[in-house]
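Coordinates as given in start_15.tsv (TSV, C-alpha atoms and all ligand atoms):
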```
chain	number	residue	atom	x	y	z
A	1	MET	CA	97.75	99.58	116.60
A	2	SER	CA	101.55	99.59	116.64
A	3	ASP	CA	102.02	103.29	117.49
A	4	ALA	CA	100.24	102.90	120.84
A	5	VAL	CA	101.84	104.88	123.67
A	6	LEU	CA	99.79	102.96	126.25
A	7	LYS	CA	99.18	99.22	125.96
A	8	VAL	CA	97.20	97.37	128.59
A	9	ARG	CA	96.93	93.58	128.46
A	10	ASP	CA	94.80	91.13	130.47
A	11	LEU	CA	94.54	93.47	133.46
A	12	THR	CA	92.85	91.68	136.35
A	13	VAL	CA	92.23	93.35	139.70
A	14	SER	CA	90.77	91.61	142.73
A	15	VAL	CA	89.39	92.73	146.04
A	16	GLY	CA	90.06	90.73	149.23
A	17	ARG	CA	91.86	87.42	149.58
A	18	GLY	CA	91.15	83.68	149.88
A	19	SER	CA	87.46	82.79	149.98
A	20	ARG	CA	86.65	86.51	150.14
A	21	ARG	CA	88.50	87.29	146.93
A	22	HIS	CA	86.34	88.82	144.19
A	23	VAL	CA	87.40	89.97	140.75
A	24	ALA	CA	86.61	93.66	140.18
A	25	VAL	CA	88.47	94.16	136.87
A	26	ASP	CA	88.54	91.10	134.67
A	27	ASP	CA	91.00	90.63	131.83
A	28	ILE	CA	90.87	94.15	130.45
A	29	GLY	CA	93.01	95.14	127.47
A	30	PHE	CA	93.24	98.27	125.32
A	31	GLU	CA	95.67	100.53	123.49
A	32	VAL	CA	95.83	104.30	123.08
A	33	PRO	CA	98.01	106.05	120.47
A	34	ALA	CA	100.00	109.21	121.24
A	35	GLY	CA	97.56	112.12	121.20
A	36	GLY	CA	94.65	109.68	121.10
A	37	SER	CA	91.69	109.48	123.44
A	38	LEU	CA	89.83	106.53	124.88
A	39	GLY	CA	86.57	106.88	126.81
A	40	VAL	CA	85.63	104.27	129.41
A	41	VAL	CA	81.95	104.09	130.36
A	42	GLY	CA	79.76	101.83	132.46
A	43	GLU	CA	77.41	101.96	135.44
A	44	SER	CA	78.61	102.81	138.91
A	45	GLY	CA	80.68	99.89	140.22
A	46	SER	CA	81.63	98.52	136.79
A	47	GLY	CA	85.36	98.85	137.55
A	48	LYS	CA	86.33	102.08	135.77
A	49	SER	CA	88.17	103.75	138.64
A	50	LEU	CA	89.97	100.59	139.73
A	51	THR	CA	91.21	100.15	136.16
A	52	LEU	CA	92.75	103.65	136.18
A	53	ARG	CA	94.09	103.26	139.70
A	54	ALA	CA	95.73	99.95	138.77
A	55	LEU	CA	97.41	101.67	135.80
A	56	MET	CA	98.70	104.37	138.17
A	57	ALA	CA	99.81	101.78	140.77
A	58	LEU	CA	97.48	103.60	143.18
A	59	LEU	CA	95.12	100.83	144.24
A	60	PRO	CA	93.51	101.21	147.67
A	61	PRO	CA	94.47	98.83	150.49
A	62	GLY	CA	92.97	95.35	150.06
A	63	VAL	CA	92.77	95.70	146.26
A	64	HIS	CA	95.44	94.03	144.10
A	65	ALA	CA	96.43	93.95	140.44
A	66	GLU	CA	96.69	90.18	140.06
A	67	ARG	CA	97.65	89.81	136.49
A	68	GLY	CA	98.25	91.73	133.31
A	69	GLY	CA	100.75	94.02	131.69
A	70	VAL	CA	100.97	97.74	131.11
A	71	GLU	CA	103.43	99.19	128.65
A	72	LEU	CA	104.12	102.89	128.38
A	73	ALA	CA	106.04	104.11	125.34
A	74	GLY	CA	107.46	100.61	124.91
A	75	GLN	CA	108.49	100.14	128.54
A	76	SER	CA	106.78	97.62	130.74
A	77	LEU	CA	105.65	99.01	134.12
A	78	PRO	CA	105.33	97.04	137.37
A	79	PHE	CA	101.95	97.21	139.15
A	80	SER	CA	103.37	97.15	142.63
A	81	GLY	CA	106.60	97.26	144.59
A	82	PRO	CA	108.88	100.19	145.44
A	83	GLY	CA	109.68	101.03	141.80
A	84	ALA	CA	106.06	101.09	140.57
A	85	ARG	CA	105.32	104.75	141.32
A	86	ARG	CA	108.80	105.88	140.25
A	87	ALA	CA	108.44	104.14	136.88
A	88	ARG	CA	105.30	106.19	136.18
A	89	ARG	CA	106.59	109.55	137.36
A	90	GLY	CA	106.77	112.10	134.59
A	91	ARG	CA	105.09	109.71	132.14
A	92	LEU	CA	101.66	108.87	133.47
A	93	ALA	CA	99.48	111.28	135.45
A	94	MET	CA	95.93	111.15	136.77
A	95	VAL	CA	93.20	113.72	137.34
A	96	PHE	CA	90.65	112.67	139.93
A	97	GLN	CA	86.94	113.43	140.08
A	98	ASP	CA	87.18	115.50	143.22
A	99	PRO	CA	89.83	118.19	142.73
A	100	LEU	CA	90.14	118.74	146.50
A	101	SER	CA	91.36	115.17	147.00
A	102	GLY	CA	94.25	115.82	144.61
A	103	LEU	CA	95.30	119.17	146.10
A	104	ASP	CA	96.98	119.77	149.44
A	105	PRO	CA	94.87	122.29	151.45
A	106	VAL	CA	97.85	123.78	153.31
A	107	HIS	CA	99.95	124.82	150.29
A	108	THR	CA	99.17	127.34	147.57
A	109	VAL	CA	98.27	125.81	144.21
A	110	GLY	CA	101.27	127.53	142.64
A	111	ALA	CA	103.68	125.99	145.13
A	112	GLN	CA	102.13	122.55	144.56
A	113	ILE	CA	102.45	122.81	140.79
A	114	ALA	CA	106.00	124.23	140.96
A	115	GLU	CA	107.03	121.33	143.20
A	116	VAL	CA	106.54	118.90	140.30
A	117	PRO	CA	109.14	120.28	137.81
A	118	ARG	CA	111.47	121.00	140.72
A	119	ARG	CA	111.36	117.44	142.01
A	120	LEU	CA	110.93	115.54	138.77
A	121	LEU	CA	112.86	117.56	136.24
A	122	GLY	CA	115.43	119.09	138.63
A	123	ALA	CA	114.37	122.64	137.66
A	124	SER	CA	115.53	125.60	139.81
A	125	ALA	CA	113.06	127.31	142.18
A	126	SER	CA	112.60	130.31	139.88
A	127	ALA	CA	112.26	128.18	136.71
A	128	SER	CA	109.73	125.94	138.47
A	129	ARG	CA	107.74	128.94	139.54
A	130	ARG	CA	107.75	130.36	136.00
A	131	ARG	CA	106.66	126.96	134.69
A	132	ALA	CA	103.81	126.79	137.22
A	133	VAL	CA	102.49	130.18	136.10
A	134	GLU	CA	102.86	129.10	132.45
A	135	LEU	CA	100.89	125.92	133.16
A	136	LEU	CA	98.16	127.83	134.98
A	137	ARG	CA	97.93	130.07	131.92
A	138	LEU	CA	97.92	127.05	129.59
A	139	VAL	CA	94.92	125.54	131.38
A	140	GLY	CA	93.05	128.82	131.18
A	141	MET	CA	93.28	129.89	134.84
A	142	PRO	CA	92.16	133.53	135.00
A	143	ASP	CA	94.88	135.85	136.32
A	144	PRO	CA	97.47	133.07	136.85
A	145	GLU	CA	100.13	135.25	138.58
A	146	ARG	CA	97.63	136.13	141.29
A	147	ARG	CA	96.10	132.64	141.49
A	148	TRP	CA	99.58	131.19	142.05
A	149	HIS	CA	99.24	132.44	145.64
A	150	ALA	CA	95.75	131.00	146.19
A	151	PHE	CA	95.03	128.07	148.48
A	152	PRO	CA	92.71	125.38	147.04
A	153	HIS	CA	89.73	126.50	149.16
A	154	GLN	CA	90.02	130.00	147.68
A	155	LEU	CA	89.31	128.71	144.15
A	156	SER	CA	86.04	127.74	142.48
A	157	GLY	CA	85.46	124.08	141.52
A	158	GLY	CA	86.35	124.76	137.88
A	159	MET	CA	89.54	126.61	138.87
A	160	ARG	CA	90.56	123.76	141.17
A	161	GLN	CA	90.02	121.27	138.37
A	162	ARG	CA	92.20	123.43	136.11
A	163	ALA	CA	94.86	123.60	138.83
A	164	LEU	CA	94.76	119.82	139.11
A	165	ILE	CA	95.13	119.42	135.35
A	166	ALA	CA	98.03	121.92	135.43
A	167	MET	CA	99.68	119.85	138.18
A	168	ALA	CA	99.20	116.65	136.17
A	169	LEU	CA	100.70	118.32	133.09
A	170	ALA	CA	103.65	119.69	135.09
A	171	SER	CA	105.27	116.27	134.94
A	172	GLU	CA	104.99	116.36	131.12
A	173	PRO	CA	103.17	113.01	130.98
A	174	LYS	CA	102.68	111.00	127.83
A	175	VAL	CA	99.32	109.76	129.07
A	176	LEU	CA	96.74	111.52	131.23
A	177	LEU	CA	94.22	109.35	133.06
A	178	CYS	CA	91.04	111.30	133.87
A	179	ASP	CA	88.51	109.83	136.29
A	180	GLU	CA	85.23	111.73	135.84
A	181	PRO	CA	87.15	115.01	135.85
A	182	THR	CA	84.10	117.15	135.15
A	183	THR	CA	81.29	115.37	137.01
A	184	ALA	CA	81.41	117.76	139.97
A	185	LEU	CA	81.28	120.86	137.76
A	186	ASP	CA	78.31	122.79	136.41
A	187	VAL	CA	77.65	122.33	132.68
A	188	THR	CA	79.28	125.55	131.48
A	189	VAL	CA	82.51	124.96	133.39
A	190	GLN	CA	82.36	121.29	132.40
A	191	ALA	CA	82.28	122.28	128.72
A	192	GLN	CA	85.29	124.57	129.24
A	193	VAL	CA	87.34	121.86	130.97
A	194	LEU	CA	86.45	119.33	128.25
A	195	GLU	CA	87.54	121.78	125.55
A	196	LEU	CA	90.76	122.33	127.47
A	197	LEU	CA	91.51	118.59	127.63
A	198	ASP	CA	90.82	118.20	123.92
A	199	ASP	CA	93.01	121.17	123.11
A	200	LEU	CA	95.90	119.88	125.26
A	201	ARG	CA	95.68	116.49	123.61
A	202	GLN	CA	95.89	118.00	120.15
A	203	ARG	CA	98.54	120.61	120.97
A	204	LEU	CA	100.80	118.60	123.29
A	205	GLY	CA	100.10	115.11	121.90
A	206	VAL	CA	99.20	113.79	125.36
A	207	ALA	CA	97.08	110.62	125.14
A	208	VAL	CA	93.96	110.72	127.31
A	209	VAL	CA	91.99	107.93	128.96
A	210	PHE	CA	88.72	109.43	130.07
A	211	VAL	CA	86.36	107.71	132.49
A	212	SER	CA	82.83	109.02	132.54
A	213	HIS	CA	79.24	107.92	133.02
A	214	ASP	CA	78.10	110.62	130.60
A	215	LEU	CA	77.79	109.38	127.03
A	216	ALA	CA	77.41	112.91	125.61
A	217	VAL	CA	80.72	113.87	127.21
A	218	VAL	CA	82.63	110.89	125.85
A	219	ARG	CA	81.15	111.50	122.42
A	220	GLN	CA	82.57	115.01	122.59
A	221	VAL	CA	86.11	114.16	123.74
A	222	CYS	CA	86.92	110.52	122.93
A	223	GLU	CA	87.84	109.00	119.59
A	224	GLN	CA	87.62	105.42	120.90
A	225	LEU	CA	85.23	103.96	123.41
A	226	ALA	CA	85.34	101.02	125.80
A	227	VAL	CA	82.16	99.93	127.59
A	228	MET	CA	82.58	98.05	130.90
A	229	TYR	CA	80.16	95.80	132.75
A	230	THR	CA	80.99	93.88	135.97
A	231	GLY	CA	84.69	94.59	135.48
A	232	ARG	CA	84.80	93.28	131.92
A	233	LEU	CA	84.94	95.01	128.57
A	234	VAL	CA	81.73	94.34	126.67
A	235	GLU	CA	82.12	96.58	123.65
A	236	THR	CA	84.92	98.62	122.03
A	237	GLY	CA	85.32	100.65	118.87
A	238	PRO	CA	85.31	104.20	117.49
A	239	THR	CA	83.04	106.27	119.75
A	240	SER	CA	80.65	107.48	117.06
A	241	LYS	CA	80.27	103.96	115.59
A	242	VAL	CA	79.59	102.41	118.99
A	243	LEU	CA	77.13	105.09	120.09
A	244	ASP	CA	75.35	105.33	116.73
A	245	GLY	CA	75.12	101.56	116.22
A	246	PRO	CA	75.71	99.63	119.45
A	247	ALA	CA	76.40	95.91	119.10
A	248	HIS	CA	76.07	94.93	122.76
A	249	PRO	CA	72.72	95.02	124.59
A	250	TYR	CA	74.34	96.78	127.55
A	251	THR	CA	75.64	99.65	125.38
A	252	LEU	CA	72.16	99.92	123.85
A	253	GLY	CA	70.68	99.96	127.37
A	254	LEU	CA	73.00	102.81	128.45
A	255	LEU	CA	72.00	104.79	125.36
A	256	GLU	CA	68.27	104.16	125.82
A	257	ALA	CA	68.49	105.36	129.42
A	258	VAL	CA	69.58	108.83	128.32
A	259	VAL	CA	67.12	111.65	127.55
A	260	ASP	CA	67.43	112.46	123.85
A	261	LEU	CA	67.22	116.22	123.40
A	262	ASP	CA	66.54	115.72	119.67
A	263	ASP	CA	63.62	113.43	120.39
A	264	LEU	CA	61.89	114.50	123.58
A	265	ASP	CA	58.88	112.28	122.75
A	266	ARG	CA	61.08	109.21	123.31
A	267	ARG	CA	60.91	108.26	126.95
A	268	PRO	CA	64.17	107.07	128.49
A	269	ARG	CA	64.10	103.32	129.09
A	270	THR	CA	65.97	102.03	132.11
A	271	ILE	CA	67.91	98.78	132.09
A	272	PRO	CA	65.96	96.36	134.31
A	273	GLY	CA	67.63	95.24	137.54
A	274	THR	CA	70.90	96.52	138.87
A	275	LEU	CA	74.59	95.80	138.45
A	276	PRO	CA	75.32	92.70	140.59
A	277	ASP	CA	77.80	93.12	143.40
A	278	LEU	CA	81.22	91.50	143.06
A	279	ALA	CA	80.26	88.45	145.16
A	280	HIS	CA	77.21	87.64	143.01
A	281	VAL	CA	78.20	88.07	139.39
A	282	PRO	CA	76.02	85.59	137.44
A	283	ALA	CA	77.63	82.66	135.62
A	284	GLY	CA	77.66	82.73	131.82
A	285	CYS	CA	77.16	86.16	130.32
A	286	PRO	CA	77.12	88.44	133.38
A	287	PHE	CA	74.49	90.64	131.70
A	288	HIS	CA	72.01	87.83	130.97
A	289	PRO	CA	69.55	88.46	133.84
A	290	ARG	CA	69.05	92.01	132.52
A	291	CYS	CA	69.27	91.34	128.79
A	292	ARG	CA	66.18	91.40	126.57
A	293	PHE	CA	68.08	89.67	123.73
A	294	ALA	CA	69.20	86.69	125.86
A	295	SER	CA	68.71	83.02	124.92
A	296	GLU	CA	68.92	80.13	127.36
A	297	ASP	CA	72.49	79.39	126.34
A	298	CYS	CA	73.57	82.89	127.48
A	299	ALA	CA	73.53	81.64	131.07
A	300	GLY	CA	75.87	78.78	130.17
A	301	GLU	CA	79.28	80.13	129.38
A	302	LEU	CA	81.02	83.48	129.25
A	303	PRO	CA	80.71	84.91	125.73
A	304	GLY	CA	84.04	85.12	123.91
A	305	TRP	CA	85.30	88.33	122.37
A	306	ARG	CA	84.15	88.86	118.78
A	307	TYR	CA	85.80	91.32	116.43
A	308	PHE	CA	83.82	92.49	113.46
A	309	ASP	CA	84.28	94.95	110.66
A	310	ASP	CA	82.02	97.96	110.77
A	311	GLY	CA	82.77	99.57	107.42
A	312	ASP	CA	86.12	101.28	107.89
A	313	ALA	CA	86.61	100.44	111.56
A	314	ALA	CA	87.29	97.39	113.72
A	315	ARG	CA	84.76	96.81	116.46
A	316	GLY	CA	84.66	94.27	119.23
A	317	THR	CA	81.92	92.93	121.48
A	318	ALA	CA	81.49	90.29	124.14
A	319	CYS	CA	77.99	89.22	123.12
A	320	LYS	CA	76.97	85.93	121.54
A	321	TYR	CA	74.28	87.59	119.47
A	322	PRO	CA	75.37	91.09	118.42
A	323	GLU	CA	73.36	90.73	115.19
A	324	ARG	CA	70.15	90.76	117.28
A	325	VAL	CA	71.12	94.16	118.67
A	326	ILE	CA	72.26	95.54	115.33
A	327	ALA	CA	69.10	94.33	113.53
A	328	ARG	CA	66.64	95.47	116.25
B	401	LIG	N1	88.73	100.02	148.20
B	401	LIG	C1	87.88	99.07	147.83
B	401	LIG	N2	87.66	97.98	148.60
B	401	LIG	C2	86.78	97.04	148.23
B	401	LIG	N3	86.06	97.07	147.09
B	401	LIG	C3	86.24	98.11	146.29
B	401	LIG	C4	87.14	99.17	146.61
B	401	LIG	N4	87.11	100.09	145.61
B	401	LIG	C5	86.20	99.61	144.72
B	401	LIG	N5	85.69	98.44	145.13
B	401	LIG	C6	84.68	97.64	144.40
B	401	LIG	O1	85.15	97.37	143.10
B	401	LIG	C7	84.12	97.53	142.14
B	401	LIG	C8	84.55	98.53	141.08
B	401	LIG	O2	84.69	99.79	141.70
B	401	LIG	P1	85.11	101.10	140.89
B	401	LIG	O3	85.35	102.16	141.91
B	401	LIG	O4	86.19	100.79	139.95
B	401	LIG	O5	83.76	101.40	140.08
B	401	LIG	P2	83.45	102.61	139.08
B	401	LIG	O6	83.09	102.00	137.77
B	401	LIG	O7	84.56	103.57	139.10
B	401	LIG	O8	82.13	103.23	139.73
B	401	LIG	P3	81.68	104.78	139.85
B	401	LIG	O9	81.05	105.12	138.52
B	401	LIG	O10	80.67	104.76	140.95
B	401	LIG	O11	82.87	105.61	140.18
B	401	LIG	C9	82.87	97.94	142.91
B	401	LIG	O12	82.10	96.77	143.14
B	401	LIG	C10	83.39	98.46	144.21
B	401	LIG	O13	82.49	98.23	145.25
B	402	LIG	S1	75.53	87.10	125.34
B	402	LIG	FE1	73.33	86.86	125.52
B	402	LIG	S2	72.78	87.69	127.55
B	402	LIG	FE2	74.86	88.40	127.05
B	402	LIG	S3	74.54	90.39	126.16
B	402	LIG	FE3	74.61	88.92	124.46
B	402	LIG	S4	72.46	88.32	124.08
B	402	LIG	FE4	72.55	89.35	126.10
B	403	MG	MG	84.73	105.54	139.77
```
Could you rewrite the structure in this file as structure tokens?
Amino acid sequence: MSDAVLKVRDLTVSVGRGSRRHVAVDDIGFEVPAGGSLGVVGESGSGKSLTLRALMALLPPGVHAERGGVELAGQSLPFSGPGARRARRGRLAMVFQDPLSGLDPVHTVGAQIAEVPRRLLGASASASRRRAVELLRLVGMPDPERRWHAFPHQLSGGMRQRALIAMALASEPKVLLCDEPTTALDVTVQAQVLELLDDLRQRLGVAVVFVSHDLAVVRQVCEQLAVMYTGRLVETGPTSKVLDGPAHPYTLGLLEAVVDLDDLDRRPRTIPGTLPDLAHVPAGCPFHPRCRFASEDCAGELPGWRYFDDGDAARGTACKYPERVIAR
């Protein structure tokens, strides 16, 4: 994919140091074209948020990006150091799951949004204010002139999420990283915010990386899908291909665990066991203790990445025996 606006290579993130060092994101790579959308799914603890935070150079204390490269519109970005945040400003923005954590409670949402074009783009106070109202309108905030004066606690959850998206867009980013941006919202507001993100992507050409645990949501908003398990990618490909014909047992397990509204007679089937913690990731294929397709050799060595052709689209999986899953 040569027109990718975001290229991530071999990203490895670890937690702790020395004998207490554990790998939380292991050799991740992906690309997203301008205006494209990539969904990232996986159970809680699979490394989705740390992947996005590493891309933003916003890792929490004690967590480090050890290796890897990130390229934005052809420019390589450092993961740490004084220039890391500056290099991302105005190009890469993130929307967090909890809108309150991204908004300052003591300033009005309008002032917070206006601050971005003023600081980043050198816009005048009145132009910044006009831009903030425009952005609030763009994200579908009801009565944006009035809401400009609202403090975060005076807005509903959906409005706060819109304000946060407006603030992220204020820097005119090329890529928007969204970490479960609708999980805290009720389904109706969730649907509106998802439509908004899709619309912004198509109208403004912003590429979106969308982390979610909800497969129905990623099917709705993401063209490409990446499935993560224990910090590693286990399956990638076009979302509909992956979800309609999974090639990795873990992807199949995630799908089987969901209630199918078109087939209520099918009982959801949970994946046995739980995601191992970082200190106890099994040797060989990390999924083997939970995998019903496993052979003895699956516990031996880490499965390599296999690309395969699925009709008109390239797919990839980190399973030794994808044909067992496909032929089930
Ligand atoms: N600040 C931290 N310090 C130590 N370990 C951390 C920290 N943040 C995350 N981890 C660990 O790294 C792993 C990946 O965490 P991450 O938050 O990326 O998971 P996630 O896929 O986003 O999960 P969720 O769906 O629950 O948000 C987990 O094992 C988690 O316990
Ligand atoms: S490599 Fe083996 S254990 Fe791992 S997912 Fe594939 S079949 Fe299951
Ligand atoms: Mg997370």
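Nearest residue to ligand LIG 401 (chain B), choosing from A:Pro268, A:Pro181, A:Pro322, A:Pro99 and counting all atoms listed in the file: A:Pro181.
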Determine, using all atoms listed in the file, which residues of chain A have any atom at most 7 Å from an atom of ligand LIG 401 (chain B), and tabulate each with its shortest atom pair and distance in Å to one decimal place, rows ordered by chain and then rising number, as CSV.
```
residue,atom,partner,partner_atom,distance
A:Val15,CA,B:LIG401,C2,5.5
A:Ala24,CA,B:LIG401,O1,4.9
A:Gly42,CA,B:LIG401,O6,6.3
A:Glu43,CA,B:LIG401,O9,5.7
A:Ser44,CA,B:LIG401,O9,3.4
A:Gly45,CA,B:LIG401,O5,3.4
A:Ser46,CA,B:LIG401,O6,3.9
A:Gly47,CA,B:LIG401,O4,3.2
A:Lys48,CA,B:LIG401,O6,3.8
A:Ser49,CA,B:LIG401,O7,3.6
A:Leu50,CA,B:LIG401,O4,3.8
A:Thr51,CA,B:LIG401,O4,6.3
A:Pro60,CA,B:LIG401,N1,5.0
A:Pro61,CA,B:LIG401,N1,6.3
A:Gly62,CA,B:LIG401,N2,6.1
A:Val63,CA,B:LIG401,N2,6.1
A:His213,CA,B:LIG401,O9,6.4
A:Gly231,CA,B:LIG401,C8,6.8
A:Asp277,CA,B:LIG401,O12,5.6
A:Leu278,CA,B:LIG401,O12,5.3
```
Within 10 Å of A:Pro276, counting all atoms listed in the file, which residues show up once you throw out same-chain ones fewer than 5 positions away? Write them as a count of residues only, please.
9
Using all atoms listed in the file, what are the residues with an atom within 10 Å of ligand LIG 402 (chain B), set out as a PyMOL selection string?
chain A and resi 234+247-251+284-304+317-325
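Compared by their closest atoms to A:Glu195, and using only C-alpha atoms, the residues A:Gly140, A:Gly90, A:Pro152, A:Gly237 rank with A:Gly140 nearest.
From atom CA of A:Val175 back to atom CA of A:Glu115, the distance works out to 19.8 Å.
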Just want the 8 Å neighbourhood of stretch 154-160 of chain A, counted on all atoms listed in the file, with same-chain residues fewer than 3 positions away dropped. Output as number ranges by chain.
A: 99-100, 141, 150-151, 163-164, 184-185, 189-190, 193
By how many Å are atom CA of A:Lys7 and atom CA of A:Val32 apart?
6.7 Å
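Compared by their closest atoms to A:Ile165, and using only C-alpha atoms, the residues A:Phe210, A:Pro144, A:Met94, A:Ile28 rank with A:Met94 nearest.
Candidate residues A:Arg86, A:Arg201, A:Arg130, A:His64 were compared for distance to A:Leu177, and the nearest is A:Arg201, using only C-alpha atoms.
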I'd like the neighbourhood of A:Glu66 as a ChimeraX atom specification, where a residue qualifies if any of its atoms comes within 12 Å (using only C-alpha atoms), though same-chain residues fewer than 4 positions away should be ignored.
/A:10-17,21-28,54,59,62,78-80
Those same residues, written as a tab-separated table (two decimals), in the coordinates of the input with C-alpha atoms?
```tsv
chain	number	residue	atom	x	y	z
A	10	ASP	CA	94.80	91.13	130.47
A	11	LEU	CA	94.54	93.47	133.46
A	12	THR	CA	92.85	91.68	136.35
A	13	VAL	CA	92.23	93.35	139.70
A	14	SER	CA	90.77	91.61	142.73
A	15	VAL	CA	89.39	92.73	146.04
A	16	GLY	CA	90.06	90.73	149.23
A	17	ARG	CA	91.86	87.42	149.58
A	21	ARG	CA	88.50	87.29	146.93
A	22	HIS	CA	86.34	88.82	144.19
A	23	VAL	CA	87.40	89.97	140.75
A	24	ALA	CA	86.61	93.66	140.18
A	25	VAL	CA	88.47	94.16	136.87
A	26	ASP	CA	88.54	91.10	134.67
A	27	ASP	CA	91.00	90.63	131.83
A	28	ILE	CA	90.87	94.15	130.45
A	54	ALA	CA	95.73	99.95	138.77
A	59	LEU	CA	95.12	100.83	144.24
A	62	GLY	CA	92.97	95.35	150.06
A	78	PRO	CA	105.33	97.04	137.37
A	79	PHE	CA	101.95	97.21	139.15
A	80	SER	CA	103.37	97.15	142.63
```
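Interatomic distance, atom CA of A:Val211 to atom CA of A:Gly311: 26.6 Å.
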Pull the neighbourhood of (105.7, 106.2, 130.4) for me: all residues within 6 Å in file coordinates, counting only C-alpha atoms, as number ranges by chain.
A: 72-73, 88, 91-92
Please provide the set of residues having any atom within 12 Å of A:Leu6, restricted to all atoms listed in the file, with same-chain residues fewer than 3 positions apart removed, written as a PyMOL selection string.
chain A and resi 1-3+9+29-38+55+69-77+88+91-92+173-177+206-209
How big is the axis-aligned box, and where does its centre sit, when it encloses all atoms of stretch 199-216 of chain A listed in the file and has 4 Å added on every side, reported in Å to one decimal as AutoDock Vina command-line options?
```
--center_x 89.1 --center_y 114.4 --center_z 126.6 --size_x 31.4 --size_y 21.5 --size_z 20.9
```
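Each of A:Ala114, A:Val217, A:Ala170, A:Met228 was compared to ligand MG 403 (chain B) using all atoms listed in the file, and A:Met228 turns out to be the nearest.
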From A:Leu215, A:Leu121, A:Val116, A:Cys178, residue lying nearest ligand MG 403 (chain B) [all atoms listed in the file]:
A:Cys178
